[in-house]
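Participant: Before we start, here is the structure in question, set down as structure tokens.
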Amino acid sequence: MNSYLERLRQELEDATGGASPSALAQAPAGKWNASQILEHLFLTYKNTNRGLAKCLDKGAPLATRTTLQQRFATLLVVNLGYLPGGRKAPEGVAPRGMLPQEVQQAIAPELQKMGSGLDDCERRFGARTKIMDHPFLGPLTAGEWRRFHWVHGRHHARQIRERMGKSR
């Protein structure tokens, strides 16, 4: 697995390792708990995998043209590693109530699948080819997708640690 995705898997394991279901359910009022954050991440990986499968099935990238706003957002998130807070998650990746142990078991295989799909797209279409669009950042290359998921997952791993009272 690519180093960004491997580091992400390790980061999430470190953040949740040894946590009981009750620890994963703790959260400030109006905020997602650790289990819901993990489910959100799992759903983003699942959606990315769905898009990668479509690219590979079609035999062509699905990316559209990049706007100036998307270029700036990609620079901020992917290149500088800054994920601005306060944005509401799209409906398709909002938690739906998976059991904590279910999501903990499902996340690593989904990451592994994503790594394989990104590798396949990169081999097939080239490392510099924008393969598909992110809902906010627009079209990304396979490498940019890996880096995005690392930045996004690291952001949420910090939140998980806060919810569970873990320090880094």
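Labeling convention for the structure tokens: chains A, B, ... as they appear, residues from 1 per chain, ligands from 1 in order of appearance.
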Would you mind listing, for every residue of range 39-99 of chain A within 10 Å of range 154-159 of chain A, the two atoms forming the shortest contact and the distance between them in Å to one decimal, using only C-alpha atoms, sorted by chain and ascending residue number, as JSON lines?
Facilitator:
{"residue": "A:His40", "atom": "CA", "partner": "A:His156", "partner_atom": "CA", "distance": 9.4}
{"residue": "A:Leu41", "atom": "CA", "partner": "A:His156", "partner_atom": "CA", "distance": 8.1}
{"residue": "A:Gly81", "atom": "CA", "partner": "A:His155", "partner_atom": "CA", "distance": 9.6}
{"residue": "A:Tyr82", "atom": "CA", "partner": "A:His155", "partner_atom": "CA", "distance": 8.9}
{"residue": "A:Leu83", "atom": "CA", "partner": "A:His155", "partner_atom": "CA", "distance": 7.2}
{"residue": "A:Pro84", "atom": "CA", "partner": "A:His155", "partner_atom": "CA", "distance": 9.5}
{"residue": "A:Gly85", "atom": "CA", "partner": "A:His155", "partner_atom": "CA", "distance": 9.1}
Participant: Could the residues in this selection be written to a file with C-alpha atoms, as a PDB file, in the first residue's frame?
Facilitator:
ATOM      1  CA  HIS A  40     -17.614   8.940   7.914  1.00  0.00           C
ATOM      2  CA  LEU A  41     -14.053   8.028   6.903  1.00  0.00           C
ATOM      3  CA  GLY A  81      -1.950  19.743   4.145  1.00  0.00           C
ATOM      4  CA  TYR A  82      -4.432  22.252   5.595  1.00  0.00           C
ATOM      5  CA  LEU A  83      -8.021  21.075   5.964  1.00  0.00           C
ATOM      6  CA  PRO A  84     -10.256  23.991   6.913  1.00  0.00           C
ATOM      7  CA  GLY A  85     -12.798  23.112   9.595  1.00  0.00           C
TER       8      GLY A  85
END
Participant: Point out the residue among A:Asp120, A:Glu91, A:Glu6, A:Glu102 with the least atom-to-atom distance to Asn49 in chain A, counting only C-alpha atoms.
Facilitator: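 Checking each of A:Asp120, A:Glu91, A:Glu6, A:Glu102 against Asn49 in chain A, counting only C-alpha atoms, the winner is A:Asp120.
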Participant: Can you list, as a list in words, every protein, DNA or RNA residue that comes within 12 Å of Arg163 in chain A when you count only C-alpha atoms, leaving out same-chain residues fewer than 4 positions away?
Facilitator: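 After dropping sequence-adjacent residues, the list is Ala15, Thr16, Ala19, Ser22, Ala23, Leu24, Ala25, Gln26, Ala27, Pro28, Ala29, Lys31, Trp32, Asn33, Ala34, Ser35, Gln36, Ile37, His156, Ala157, Arg158, Gln159 and Ser167 of chain A.
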Participant: Set the distance at 8 Å and use only C-alpha atoms: which residues neighbour Pro139 in chain A once local chain neighbours fewer than 5 positions away are removed? I'd like the list as a list in words.
Facilitator: Ala63, Thr64, Arg65, Thr66, Lys130, Ile131, Met132, Asp133 and His134 of chain A
Participant: The selected residues should be written to file as a compact mmCIF listing (two decimals), in the first residue's frame (atoms: C-alpha atoms).
Facilitator:
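Here's the written file part_26.txt:
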# COMPACT_ATOMS: atom_id res chain seq x y z
CA ALA A 63 -12.31 13.99 -14.35
CA THR A 64 -13.82 17.27 -15.50
CA ARG A 65 -12.05 20.61 -16.04
CA THR A 66 -10.54 22.26 -12.97
CA LYS A 130 -6.58 13.61 -13.20
CA ILE A 131 -8.70 10.50 -12.76
CA MET A 132 -11.92 11.69 -11.11
CA ASP A 133 -13.46 14.59 -9.23
CA HIS A 134 -13.58 15.17 -5.50
Participant: Let's see if you can do this: from backbone DSSP, list all alpha helix (DSSP H) residues in range 29-102 of chain A, as number ranges by chain.
Facilitator: A: 34-58, 68-74, 100-102
Participant: Taking the backbone alone, and naming residues the way the document does, which bits of range 46-144 of chain A are strand (DSSP E) by DSSP, as a PDB file with N, CA and C atoms, in the first residue's frame?
Facilitator:
ATOM      1  N   MET A 132     -10.503  11.446 -11.424  1.00  0.00           N
ATOM      2  CA  MET A 132     -11.923  11.690 -11.112  1.00  0.00           C
ATOM      3  C   MET A 132     -12.010  12.877 -10.170  1.00  0.00           C
ATOM      4  N   ASP A 133     -13.235  13.380 -10.013  1.00  0.00           N
ATOM      5  CA  ASP A 133     -13.460  14.593  -9.226  1.00  0.00           C
ATOM      6  C   ASP A 133     -13.756  14.291  -7.763  1.00  0.00           C
ATOM      7  N   HIS A 134     -13.199  15.126  -6.905  1.00  0.00           N
ATOM      8  CA  HIS A 134     -13.575  15.173  -5.496  1.00  0.00           C
ATOM      9  C   HIS A 134     -14.715  16.190  -5.406  1.00  0.00           C
ATOM     10  N   GLY A 138     -12.440  19.085  -6.741  1.00  0.00           N
ATOM     11  CA  GLY A 138     -12.440  18.895  -8.189  1.00  0.00           C
ATOM     12  C   GLY A 138     -11.556  17.732  -8.597  1.00  0.00           C
ATOM     13  N   PRO A 139     -11.079  17.727  -9.848  1.00  0.00           N
ATOM     14  CA  PRO A 139     -10.316  16.601 -10.372  1.00  0.00           C
ATOM     15  C   PRO A 139      -8.957  16.439  -9.685  1.00  0.00           C
ATOM     16  N   LEU A 140      -8.626  15.176  -9.355  1.00  0.00           N
ATOM     17  CA  LEU A 140      -7.370  14.859  -8.678  1.00  0.00           C
ATOM     18  C   LEU A 140      -6.690  13.688  -9.375  1.00  0.00           C
TER      19      LEU A 140
END
Participant: If we count only C-alpha atoms, what is near Leu56 in chain A at a cut-off of 9 Å, once residues fewer than 3 positions away on the same chain are taken out, given as a short mmCIF file (atom, residue, chain, number, x, y, z; two decimals) with C-alpha atoms, in the first residue's frame?
Facilitator:
data_model
loop_
_atom_site.label_atom_id
_atom_site.label_comp_id
_atom_site.auth_asym_id
_atom_site.auth_seq_id
_atom_site.Cartn_x
_atom_site.Cartn_y
_atom_site.Cartn_z
CA GLY A 51 -15.45 6.06 -8.42
CA LEU A 52 -12.20 4.21 -9.07
CA ALA A 53 -14.14 1.12 -10.17
CA GLY A 59 -11.24 2.43 -19.25
CA ALA A 60 -10.92 6.20 -19.01
CA PRO A 61 -10.62 8.93 -16.38
CA GLY A 117 -7.60 0.91 -7.15
CA ASP A 120 -4.41 0.44 -11.02
CA CYS A 121 -5.63 3.86 -12.22
CA ARG A 124 -3.49 2.57 -16.61
#
Participant: Can you list, as a ChimeraX atom specification, every protein, DNA or RNA residue that comes within 8 Å of Arg146 in chain A when you count only C-alpha atoms, leaving out same-chain residues fewer than 2 positions away?
Facilitator: /A:2,4-5,115,118,142-144,148-150
Participant: Can you measure CA of Val93 in chain A to CA of Thr44 in chain A for me? One decimal in Å is fine.
Facilitator: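 Those two atoms sit 5.8 Å apart.
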